[in-house]
Amino acid sequence: MQRTGRQRDLGAESCRREDLRDFGVVIEARGLVKRYGTTTAVDDLTFSVRAGIVTGFLGPNGSGKSTAMRMMIGLDHPDAGSVTIDGRAYGEITWPLHEVGALLEAKALHPGRSARNHLRALAASNRIARSRVEEVIELVGLASVANKRAGGYSLGMGQRLGIAAALLGDPEVLLFDEPVNGLDPEGIQWVRELLRSLAKQGRTVFVSSHLMSEMALTADHVIVIGRGRLLEDADMGEMIARAGSSVSVRSPDATSLAAALTRSGATVRRQADGALVVTELDAATIGEVAAREHLVLHELAPQRASLEEAFMALTKEHVEFGHST
Amino acid sequence: MNLLPTISSEWLKFRSVRSTLYTLVVTVFLCVGIGALGCFAERQQWPSEHLPEHLAFDAVRTSLFGFFFAEIAIGVIGVLIMSSEYSSGSIRMTLAATPRRLSVLISKAGVLFVATLVVGEACAFISFFIGQAILHPVTPSDTLASAGALRAVFLAGMSLALLALLALGFAAMLRHTAGAITVYVSIQLVLLLIVSALPSSWNVHIFKFLPEVLTQSMRAAHSNGVQFTSFSPWISTLVLAAYAIASLIGGGWLLLRRDA
Ligand SMILES: Nc1ncnc2c1ncn2[C@@H]1O[C@H](COP(=O)(O)OP(=O)(O)O)[C@@H](O)[C@H]1O
Ligand SMILES: [Mg+2]
């Protein structure tokens with residue numbers, strides 16, 4: 001593998017994110033499709049992941065993130081399309097742990113085997129030195145339980161062990177599937193810093209989450225999917241800007257108002273307290289629509305949408321208010 | 001294709017699960033203990049038995065009576081080294097580390113074969129010596145130099161290693177512990193009962209193909225006492241090996257085709 005991030009890392013400390021974007025594309029997914037029976041878990045997904053930044057892979061539960069990641073490391077066979085890492089299919093890499101580290105869903109451990117033996121077996125399979133096993137055990141903070149049987153580990157400990165396994169071969173490419181699941185706040189903070197520092201060293205970091213708020217704190221770039229389809233592929237800054245604004249509207253006849261606004265091209269979402277969150281129409285236009293329809297308004301308040309709302313708006317298919325209601 | 005790293009990884013996995021090691025040790029004790037009990041029983045019966053029984057008597061096979069039970073324990077181990085990867089989810093990490101999936105199966109098979117061969121031979125030789133010592137005062141007994149004795153003892157150990165591979169192949173195909181053990185036990189025991197219930201004009205042709213009959217033939221010093229018409233010990237070994245290989249090929253084929 002020629003692309004050694006750490007050689008180019010010399011000035012990374014002083015680099016701003018913009019500079020790091022020149023590291024180039026490392027992972028490329030083209031037209032990925034995966035079906036399970038009648039469900040299409042991943043639907044014609046095309047994206048690329050660059051080195052030197054944290055790329056977030058965002059989508060609600062069941063949107064196909066884990067499936068896509070399993071295809072990236074050759075565990076699931078795509079029904080169509082392909083993924084390459086450094087120009088090759090994962091299966092063509094001879095000792096893959098040296099080049100790609102992956103954390104899959106937690107608790108992929110034989111309950112009768114200790115963390116140390118689990119890591120030693122992985123290390124042996126890829127000709128990684130035993131001393132490295134001790135290093136990663138230290139790094140993830142499992143030293144005190146490394147000889148205990150994994151069956152007794154908490155979700156968080158399993159997660160740390162999974163991260164240790166991903167880091168074992170000191171790879172340039174790291175794939176993490178929901179790494180903060182089951183971690184306490186301290187652990188979450190630790191993972192964030194780890195991801196950021198790995199990217200800073202010039203590595204390619206691809207991390208999935210179903211929480212926009214989590215991504216906002218760690219990712220430089222986000223790929224958003226919903227029901228297996230690509231919804232958004234943008235830099236975090238762009239995403240924040242594009243989140244734009246929404247208008248909070250209250251009306252005693254919310255249902256009719258929502259229908260009217262939808263007809264006028266707005267996207268409308270009803271909140272638990274009955275308020276409507278309207279995007280794609282400004283407050284003035286909303287007021288005009290309401291007047292035209294003779295609908296009473298109790299509130300008409302422009303809001304700056306949060307990222308979380310932008311994400312919800314993206315992934316929520318066509319909102320609850322269709323034309324029928 | 002360098003298999004050594006994969007083999008050393010699988011060997012480490014094999015020996016780092018305590019329950020596997022316990023099962024192997026228990027298998028040896030069970031096999032030797034039941035064999036010894038069988039020899040005691042035979043010693044008691046001997047004076048009341050007649051010429052036909054005495055002619056059919058095989059001191060080697062009698063001392064290896066415990067293998068009937070060891071076969072089940074060894075099958076469970078063969079199943080577990082594969083199925084536990086699926087039940088725990090660790091198969092994904094295993095295949096991510098070694099994307100050449102056949103290397104994984106071949107290495108598991110190699111480690112399992114060597115380990116169960118060592119255990120099988122330990123079972124066979126210890127059972128043989130203890131059994132002969134128990135039989136000796138009353139019935140005819142054998143030494144390793146007796147006709148067919150060394151072959152029978154060696155092949156008895158080998159039969160366990162081949163059965164372990166057969167079970168491994170089942171687990172690779174079925175991926176579920178309970179399912180694979182059920183199939184294995186069915187083939188070892190239930191099939192024997194079913195075939196016995198068939199008209200005898202048919203079953204004489206079928207019996208010799210059953211794994212249990214193959215292993216009985218493998219651990220017999222002479223064919224006088226073997227219950228069923230069977231292949232010779234060496235042919236039986238080849239047939240059992242063919243089953244094991246077929247099972248592994250089936251497992252390997254599915255391992256390549258399916259999602260992990
Ligand atoms: N092995 C499988 N068999 C059948 N359906 C599956 C399998 N894996 C995932 N799915 C389905 O595919 C969809 C995507 O799942 P997944 O990739 O786990 O989503 P995410 O990781 O984003 O939560 C879901 O509808 C899920 O039920
Ligand atoms: Mg998932």
# chains A, B, ... in the order shown; residues from 1 in each chain; ligands from 1
$ residues_near_ligand --ligand "ligand 1" --cutoff "9 Å" --atoms "only C-alpha atoms and all ligand atoms" --output "PyMOL selection string"
(chain A and resi 34-37+39-42+58-70+76+105+177-178+208-210+225-228) or (chain B and resi 259-260)
$ write_last_selection --atoms "N, CA, C and O atoms" --output "short mmCIF file (atom, residue, chain, number, x, y, z; two decimals), in the first residue's frame"
data_model
loop_
_atom_site.label_atom_id
_atom_site.label_comp_id
_atom_site.auth_asym_id
_atom_site.auth_seq_id
_atom_site.Cartn_x
_atom_site.Cartn_y
_atom_site.Cartn_z
N LYS A 34 -28.11 -4.20 -1.96
CA LYS A 34 -28.22 -5.45 -1.20
C LYS A 34 -29.68 -5.68 -0.83
O LYS A 34 -30.32 -4.81 -0.24
N ARG A 35 -30.19 -6.82 -1.22
CA ARG A 35 -31.57 -7.16 -0.89
C ARG A 35 -31.60 -8.36 0.04
O ARG A 35 -30.80 -9.27 -0.10
N TYR A 36 -32.50 -8.32 0.99
CA TYR A 36 -32.79 -9.50 1.82
C TYR A 36 -34.25 -9.84 1.56
O TYR A 36 -35.13 -9.14 2.05
N GLY A 37 -34.49 -10.86 0.77
CA GLY A 37 -35.87 -11.18 0.42
C GLY A 37 -36.49 -9.99 -0.28
O GLY A 37 -35.98 -9.52 -1.29
N THR A 39 -36.96 -6.96 1.24
CA THR A 39 -36.41 -5.66 1.68
C THR A 39 -35.16 -5.34 0.89
O THR A 39 -34.28 -6.18 0.73
N THR A 40 -35.08 -4.11 0.45
CA THR A 40 -33.84 -3.64 -0.16
C THR A 40 -33.10 -2.86 0.92
O THR A 40 -33.46 -1.73 1.24
N ALA A 41 -32.10 -3.48 1.51
CA ALA A 41 -31.41 -2.87 2.66
C ALA A 41 -30.51 -1.74 2.19
O ALA A 41 -30.38 -0.71 2.86
N VAL A 42 -29.86 -1.93 1.04
CA VAL A 42 -29.00 -0.91 0.47
C VAL A 42 -29.39 -0.78 -1.00
O VAL A 42 -29.49 -1.76 -1.71
N LEU A 58 -24.54 8.46 8.25
CA LEU A 58 -25.66 8.76 9.11
C LEU A 58 -26.96 8.23 8.53
O LEU A 58 -27.19 8.36 7.33
N GLY A 59 -27.78 7.69 9.39
CA GLY A 59 -29.08 7.22 8.93
C GLY A 59 -29.84 6.65 10.10
O GLY A 59 -29.22 6.16 11.05
N PRO A 60 -31.16 6.69 10.05
CA PRO A 60 -31.94 6.12 11.15
C PRO A 60 -31.69 4.61 11.26
O PRO A 60 -31.13 4.02 10.35
N ASN A 61 -32.14 4.03 12.36
CA ASN A 61 -31.99 2.58 12.51
C ASN A 61 -32.67 1.86 11.36
O ASN A 61 -33.77 2.24 10.95
N GLY A 62 -32.00 0.86 10.85
CA GLY A 62 -32.58 0.07 9.77
C GLY A 62 -32.42 0.69 8.40
O GLY A 62 -33.01 0.23 7.43
N SER A 63 -31.60 1.74 8.30
CA SER A 63 -31.46 2.40 7.01
C SER A 63 -30.40 1.74 6.13
O SER A 63 -30.22 2.14 4.98
N GLY A 64 -29.69 0.75 6.67
CA GLY A 64 -28.75 0.01 5.83
C GLY A 64 -27.28 0.31 6.07
O GLY A 64 -26.42 -0.12 5.30
N LYS A 65 -26.98 1.02 7.15
CA LYS A 65 -25.58 1.38 7.43
C LYS A 65 -24.72 0.13 7.69
O LYS A 65 -23.66 -0.05 7.08
N SER A 66 -25.19 -0.71 8.59
CA SER A 66 -24.39 -1.90 8.92
C SER A 66 -24.24 -2.81 7.71
O SER A 66 -23.17 -3.38 7.49
N THR A 67 -25.31 -2.93 6.95
CA THR A 67 -25.25 -3.77 5.75
C THR A 67 -24.20 -3.23 4.79
O THR A 67 -23.38 -3.99 4.26
N ALA A 68 -24.21 -1.92 4.57
CA ALA A 68 -23.23 -1.33 3.66
C ALA A 68 -21.81 -1.57 4.19
O ALA A 68 -20.90 -1.89 3.42
N MET A 69 -21.65 -1.45 5.51
CA MET A 69 -20.30 -1.64 6.06
C MET A 69 -19.86 -3.09 5.97
O MET A 69 -18.68 -3.37 5.75
N ARG A 70 -20.80 -4.01 6.12
CA ARG A 70 -20.43 -5.42 5.96
C ARG A 70 -19.99 -5.70 4.52
O ARG A 70 -19.09 -6.50 4.28
N ASP A 76 -20.69 -9.45 3.38
CA ASP A 76 -21.90 -9.68 2.62
C ASP A 76 -21.59 -9.45 1.14
O ASP A 76 -20.82 -8.56 0.80
N GLU A 105 -20.81 -4.49 14.69
CA GLU A 105 -21.70 -4.42 15.84
C GLU A 105 -21.08 -5.13 17.04
O GLU A 105 -20.37 -6.11 16.89
N ASP A 177 -18.70 0.93 13.15
CA ASP A 177 -20.16 0.89 13.08
C ASP A 177 -20.71 1.20 14.47
O ASP A 177 -20.59 0.40 15.39
N GLU A 178 -21.31 2.36 14.61
CA GLU A 178 -21.90 2.83 15.86
C GLU A 178 -20.97 2.60 17.06
O GLU A 178 -21.33 1.90 18.02
N SER A 208 -20.25 5.22 11.49
CA SER A 208 -21.71 5.30 11.34
C SER A 208 -22.36 5.70 12.65
O SER A 208 -21.81 5.49 13.73
N SER A 209 -23.53 6.30 12.51
CA SER A 209 -24.31 6.68 13.69
C SER A 209 -25.74 6.93 13.26
O SER A 209 -26.00 7.22 12.10
N HIS A 210 -26.65 6.78 14.21
CA HIS A 210 -28.02 7.18 13.88
C HIS A 210 -28.34 8.52 14.54
O HIS A 210 -29.47 8.98 14.50
N ILE A 225 -28.00 8.42 4.71
CA ILE A 225 -28.84 7.49 3.95
C ILE A 225 -30.15 7.27 4.69
O ILE A 225 -30.25 7.45 5.90
N GLY A 226 -31.16 6.91 3.92
CA GLY A 226 -32.46 6.57 4.47
C GLY A 226 -33.02 5.46 3.62
O GLY A 226 -32.95 5.54 2.39
N ARG A 227 -33.51 4.41 4.23
CA ARG A 227 -34.01 3.24 3.50
C ARG A 227 -33.04 2.78 2.42
O ARG A 227 -33.44 2.46 1.30
N GLY A 228 -31.77 2.81 2.77
CA GLY A 228 -30.77 2.28 1.85
C GLY A 228 -30.34 3.22 0.74
O GLY A 228 -29.43 2.92 -0.02
N ASP B 259 -23.54 -14.93 2.87
CA ASP B 259 -23.09 -13.78 3.64
C ASP B 259 -22.68 -14.27 5.01
O ASP B 259 -23.22 -15.24 5.53
N ALA B 260 -21.71 -13.56 5.61
CA ALA B 260 -21.27 -13.98 6.94
C ALA B 260 -22.19 -13.39 8.00
O ALA B 260 -22.68 -12.30 7.86
#
$ residues_around --residues "segment 5-10 of chain B" --least-positions-apart "2" --cutoff "8 Å" --atoms "only C-alpha atoms" --output "ChimeraX atom specification"
/A:120-127 /B:2-3,12-14,98,103-104,107-108,110-111
$ closest_residue --among "B:Ser236, B:Thr215, B:Gln188, B:Ser159" --to "Leu117 of chain B" --atoms "only C-alpha atoms"
B:Ser159
$ closest_residue --among "A:Val54, A:Ile137, A:Ala166, A:Ala283" --to "chain B" --atoms "only C-alpha atoms"
A:Ala166
$ select_by_dssp --residues "segment 187-228 of chain B" --states "helix (DSSP H, G or I)" --output "count of residues only"
30
$ closest_residue --among "B:Val114, B:Ser19, B:Trp11, B:Leu160" --to "Gly66 of chain B" --atoms "only C-alpha atoms"
B:Leu160
